[in-house]
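K.L.:
Quick one, protein.tsv (TSV, C-alpha atoms):
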chain	number	residue	atom	x	y	z
A	798	ARG	CA	0.00	0.00	0.00
A	799	LEU	CA	2.87	2.35	0.74
A	800	LYS	CA	4.37	1.67	-2.70
A	801	ILE	CA	1.07	2.59	-4.35
A	802	ALA	CA	0.72	5.73	-2.21
A	803	ASP	CA	4.31	6.68	-3.02
A	804	LYS	CA	3.73	6.34	-6.76
A	805	LEU	CA	0.42	8.23	-6.54
A	806	VAL	CA	1.71	11.12	-4.43
A	807	ASN	CA	4.94	11.55	-6.39
A	808	GLY	CA	3.06	11.46	-9.70
A	809	LEU	CA	0.58	14.08	-8.54
A	810	VAL	CA	3.31	16.34	-7.14
A	811	GLN	CA	5.24	16.04	-10.43
A	812	ASN	CA	2.08	17.22	-12.17
A	813	ASN	CA	1.89	20.32	-9.96
A	814	VAL	CA	-0.81	19.16	-7.55
A	815	PRO	CA	-0.05	20.78	-4.18
A	816	ILE	CA	0.79	18.04	-1.69
A	817	GLU	CA	-1.64	19.46	0.87
A	818	ASN	CA	-4.48	18.88	-1.66
A	819	ILE	CA	-3.77	15.15	-1.94
A	820	PHE	CA	-5.96	12.59	-0.16
A	821	VAL	CA	-4.90	8.93	-0.06
A	822	ASP	CA	-7.33	6.11	0.74
A	823	PRO	CA	-5.34	2.99	1.68
A	824	LEU	CA	-8.52	0.88	1.36
A	825	VAL	CA	-10.29	-0.56	4.37
A	826	GLN	CA	-11.10	-4.22	3.75
A	827	PRO	CA	-13.49	-6.40	5.79
A	828	LEU	CA	-12.15	-7.92	8.97
A	829	SER	CA	-14.57	-10.80	8.37
A	830	VAL	CA	-12.46	-11.85	5.37
A	831	ASN	CA	-9.00	-11.58	6.94
A	832	ASP	CA	-8.27	-10.92	10.60
A	833	LEU	CA	-5.22	-8.81	9.70
A	834	PHE	CA	-6.99	-6.31	7.42
A	835	GLY	CA	-7.59	-3.90	10.30
A	836	LEU	CA	-3.94	-3.85	11.32
A	837	GLU	CA	-2.80	-3.60	7.71
A	838	PHE	CA	-4.92	-0.50	7.21
A	839	LEU	CA	-3.76	1.10	10.47
A	840	ASN	CA	-0.12	0.42	9.60
A	841	ALA	CA	-0.63	1.86	6.11
A	842	ILE	CA	-2.09	5.08	7.56
A	843	GLU	CA	0.86	5.39	9.93
A	844	GLN	CA	3.43	4.78	7.17
A	845	ILE	CA	1.80	7.21	4.76
A	846	ARG	CA	1.70	9.92	7.44
A	847	LYS	CA	5.38	9.36	8.27
A	848	ARG	CA	6.48	9.48	4.65
A	849	PHE	CA	4.22	12.33	3.50
A	850	LYS	CA	3.50	14.67	6.41
A	851	CYS	CA	1.20	17.00	4.42
A	852	VAL	CA	-0.79	14.33	2.58
A	853	HIS	CA	-4.27	13.66	3.94
A	854	THR	CA	-5.70	10.21	4.53
A	855	ALA	CA	-9.32	9.15	4.20
A	856	CYS	CA	-11.33	5.94	4.04
A	857	GLY	CA	-14.69	4.24	3.79
A	858	LEU	CA	-14.68	3.27	7.44
A	859	SER	CA	-17.64	0.87	7.60
A	860	ASN	CA	-15.94	-1.57	5.21
A	861	ILE	CA	-14.04	-2.90	8.25
A	862	SER	CA	-17.21	-4.34	9.79
A	863	TYR	CA	-18.82	-5.77	6.65
A	864	GLY	CA	-20.37	-9.16	7.41
A	865	LEU	CA	-20.08	-8.80	11.18
A	866	PRO	CA	-22.73	-8.27	13.86
A	867	ALA	CA	-22.69	-5.11	16.01
A	868	ARG	CA	-21.15	-3.13	13.16
A	869	LYS	CA	-21.60	0.24	14.84
A	870	PHE	CA	-19.44	-0.82	17.80
A	871	MET	CA	-16.71	-2.13	15.50
A	872	ASN	CA	-16.82	1.06	13.40
A	873	GLN	CA	-16.63	3.34	16.45
A	874	THR	CA	-13.63	1.51	17.88
A	875	PHE	CA	-11.84	1.34	14.54
A	876	MET	CA	-12.43	5.05	13.93
A	877	ALA	CA	-10.68	6.00	17.17
A	878	MET	CA	-7.78	3.67	16.38
A	879	ALA	CA	-7.43	5.10	12.86
A	880	ILE	CA	-7.45	8.70	14.12
A	881	ALA	CA	-4.66	7.74	16.53
A	882	LYS	CA	-2.62	6.55	13.53
A	883	GLY	CA	-3.24	9.79	11.61
A	884	LEU	CA	-6.50	9.34	9.67
A	885	ASP	CA	-7.85	12.74	8.55
A	886	GLY	CA	-11.26	11.87	7.19
A	887	ALA	CA	-13.72	9.05	6.74
A	888	ILE	CA	-17.06	8.36	5.18
A	889	VAL	CA	-19.30	7.87	8.22
A	890	ASN	CA	-22.93	8.42	9.14
A	891	PRO	CA	-22.99	11.96	10.57
A	892	LEU	CA	-26.33	11.19	12.26
A	893	ASP	CA	-24.70	8.46	14.38
A	894	LYS	CA	-24.09	10.43	17.59
A	895	LYS	CA	-21.83	7.75	19.07
A	896	ILE	CA	-19.36	7.68	16.20
A	897	MET	CA	-19.36	11.48	16.04
A	898	ALA	CA	-18.67	11.63	19.78
A	899	ASN	CA	-15.86	9.11	19.36
A	900	ILE	CA	-14.33	11.23	16.61
A	901	ILE	CA	-14.42	14.35	18.79
A	902	ALA	CA	-12.91	12.49	21.76
A	903	ALA	CA	-10.22	10.80	19.64
A	904	GLU	CA	-9.21	14.10	18.04
A	905	ALA	CA	-8.84	15.65	21.50
A	906	LEU	CA	-6.74	12.69	22.65
A	907	VAL	CA	-4.29	13.00	19.73
A	908	GLY	CA	-3.82	16.75	20.05
A	909	LYS	CA	-6.08	17.91	17.21
A	910	ASP	CA	-8.36	19.92	19.52
A	911	ASN	CA	-6.66	22.89	21.19
A	912	PHE	CA	-7.50	22.94	24.89
A	913	CYS	CA	-10.36	20.47	24.15
A	914	MET	CA	-12.49	23.36	22.89
A	915	ASP	CA	-14.42	21.25	20.34
A	916	TYR	CA	-14.88	18.50	22.90
A	917	LEU	CA	-16.28	20.96	25.45
A	918	LYS	CA	-18.52	22.65	22.88
A	919	ASP	CA	-19.97	19.31	21.78
A	920	TYR	CA	-20.40	18.18	25.38
A	921	ARG	CA	-22.41	21.32	26.12
A	922	ALA	CA	-24.47	20.68	22.99
A	923	GLY	CA	-25.40	17.23	24.32
A	924	LEU	CA	-23.41	15.10	21.87
A	925	PHE	CA	-22.16	12.78	24.60
A	926	THR	CA	-25.53	11.86	26.10
Kindly transcribe the structure held in the file into structure tokens.

P.N.:
Amino acid sequence: RLKIADKLVNGLVQNNVPIENIFVDPLVQPLSVNDLFGLEFLNAIEQIRKRFKCVHTACGLSNISYGLPARKFMNQTFMAMAIAKGLDGAIVNPLDKKIMANIIAAEALVGKDNFCMDYLKDYRAGLFT
């Protein structure tokens, strides 16, 4: 995955695409198919972020739980883990209060929320109830 990201990013930069405008999706695959797909994705995010500090990462998060029961719980947990590895964005259900609360909490925990201001604002708005 890193080789593909490397080729993609370098090709785009050579064609004058600003590196901060590049989003890489290392492809989330179902954990129900291979029990290492979650770790492979998390490692790919971490490697991409180390190699290309300004490149953004994104994914279709719910692919991880395809074919499993209690998908929301799996998605929420995986989202927090991916944010810890450097994930910038994901396709999620914005009406799912629990995953949105997990995103806010995870971003505070990894230093993406100065003085926990977003966390506090969302707490006051009732997101965590």

K.L.:
Neighbours of A:Glu843 within 9 Å (only C-alpha atoms; same-chain residues fewer than 6 positions away dropped), as a ChimeraX atom specification?

P.N.:
/A:879,881-884

K.L.:
Convert the current residue selection to file output with C-alpha atoms, as a compact mmCIF listing (two decimals), keeping the file's coordinate frame.

P.N.:
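Generated output (out_19.txt):
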# COMPACT_ATOMS: atom_id res chain seq x y z
CA ALA A 879 -7.43 5.10 12.86
CA ALA A 881 -4.66 7.74 16.53
CA LYS A 882 -2.62 6.55 13.53
CA GLY A 883 -3.24 9.79 11.61
CA LEU A 884 -6.50 9.34 9.67

K.L.:
To one decimal in Å, tell me the separation between atom CA of A:Met914 and atom CA of A:Asn818.

P.N.:
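Interatomic distance, atom CA of A:Met914 to atom CA of A:Asn818: 26.2 Å.
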
K.L.:
Could you please give me, as a ChimeraX atom specification, the residues of protein, DNA or RNA lying at most 12 Å from (-4.7, -4.8, 14.7) in the coordinate frame of the file, considering only C-alpha atoms?

P.N.:
/A:828,831-841,861,874-875,878-879,882

K.L.:
Go ahead and save the residues from that selection, with C-alpha atoms, as a PDB file, keeping the file's coordinate frame.

P.N.:
ATOM      1  CA  LEU A 828     -12.150  -7.920   8.970  1.00  0.00           C
ATOM      2  CA  ASN A 831      -9.000 -11.580   6.940  1.00  0.00           C
ATOM      3  CA  ASP A 832      -8.270 -10.920  10.600  1.00  0.00           C
ATOM      4  CA  LEU A 833      -5.220  -8.810   9.700  1.00  0.00           C
ATOM      5  CA  PHE A 834      -6.990  -6.310   7.420  1.00  0.00           C
ATOM      6  CA  GLY A 835      -7.590  -3.900  10.300  1.00  0.00           C
ATOM      7  CA  LEU A 836      -3.940  -3.850  11.320  1.00  0.00           C
ATOM      8  CA  GLU A 837      -2.800  -3.600   7.710  1.00  0.00           C
ATOM      9  CA  PHE A 838      -4.920  -0.500   7.210  1.00  0.00           C
ATOM     10  CA  LEU A 839      -3.760   1.100  10.470  1.00  0.00           C
ATOM     11  CA  ASN A 840      -0.120   0.420   9.600  1.00  0.00           C
ATOM     12  CA  ALA A 841      -0.630   1.860   6.110  1.00  0.00           C
ATOM     13  CA  ILE A 861     -14.040  -2.900   8.250  1.00  0.00           C
ATOM     14  CA  THR A 874     -13.630   1.510  17.880  1.00  0.00           C
ATOM     15  CA  PHE A 875     -11.840   1.340  14.540  1.00  0.00           C
ATOM     16  CA  MET A 878      -7.780   3.670  16.380  1.00  0.00           C
ATOM     17  CA  ALA A 879      -7.430   5.100  12.860  1.00  0.00           C
ATOM     18  CA  LYS A 882      -2.620   6.550  13.530  1.00  0.00           C
TER      19      LYS A 882
END

K.L.:
Taking all atoms of stretch 876-891 of chain A that the file lists, what box with edges along x, y and z, padded by 6 Å per side, do you get, with centre and edge lengths in Å to one decimal, as lines of an AutoDock Vina configuration file?

P.N.:
center_x = -12.8
center_y = 8.2
center_z = 11.2
size_x = 32.4
size_y = 21.1
size_z = 24.0

K.L.:
Find the residues near A:Tyr863: any atom within 9 Å, counting all atoms listed in the file, skip ones fewer than 2 places away on the same chain, and give them as number ranges by chain.

P.N.:
A: 826-830, 859-861, 865-866, 868

K.L.:
Interatomic distance between atom CA of A:Val821 and atom CA of A:Lys869?

P.N.:
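Distance reported for this atom pair: 24.0 Å.
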
K.L.:
Would you work out the distance separating atom CA of A:Ile880 from atom CA of A:Ala905, expressed in Å to one decimal?

P.N.:
10.2 Å

K.L.:
Would you pick out the contacts of A:Asp915 at 12 Å or less, using all atoms listed in the file, so that residues sharing its chain but fewer than 5 positions from it are not included, and give the list as a PyMOL selection string?

P.N.:
chain A and resi 897-898+900-906+908-910+920-922+924

K.L.:
Using all atoms listed in the file, which residue out of A:Asn807, A:Asn890, A:Gln873, A:Asn813 lies closest to A:Val852?

P.N.:
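Nearest to A:Val852: A:Asn807.
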
K.L.:
For A:Gly886, which residue out of A:Leu858, A:Cys913, A:Ala867, A:Leu805 is the nearest one, using only C-alpha atoms?

P.N.:
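Using only C-alpha atoms, the shortest distance to A:Gly886 belongs to A:Leu858.
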
K.L.:
Using all atoms listed in the file, which of the listed residues (A:Ala855, A:Val889, A:Lys895, A:Ile845) sits closest to A:Gly923?

P.N.:
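Using all atoms listed in the file, the shortest distance to A:Gly923 belongs to A:Lys895.
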
K.L.:
Would you please work out which residue, of A:Thr854, A:Val825, A:Asn911, A:Phe849, is nearest to A:Asn872 when using all atoms listed in the file?

P.N.:
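Distance minimum relative to A:Asn872 lands on A:Val825.
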
K.L.:
Could you check which of A:Ile896, A:Leu824, A:Val907, A:Ile888 is closest to A:Ile842, using all atoms listed in the file?

P.N.:
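Of A:Ile896, A:Leu824, A:Val907, A:Ile888, the one nearest A:Ile842, counting all atoms listed in the file, is A:Leu824.
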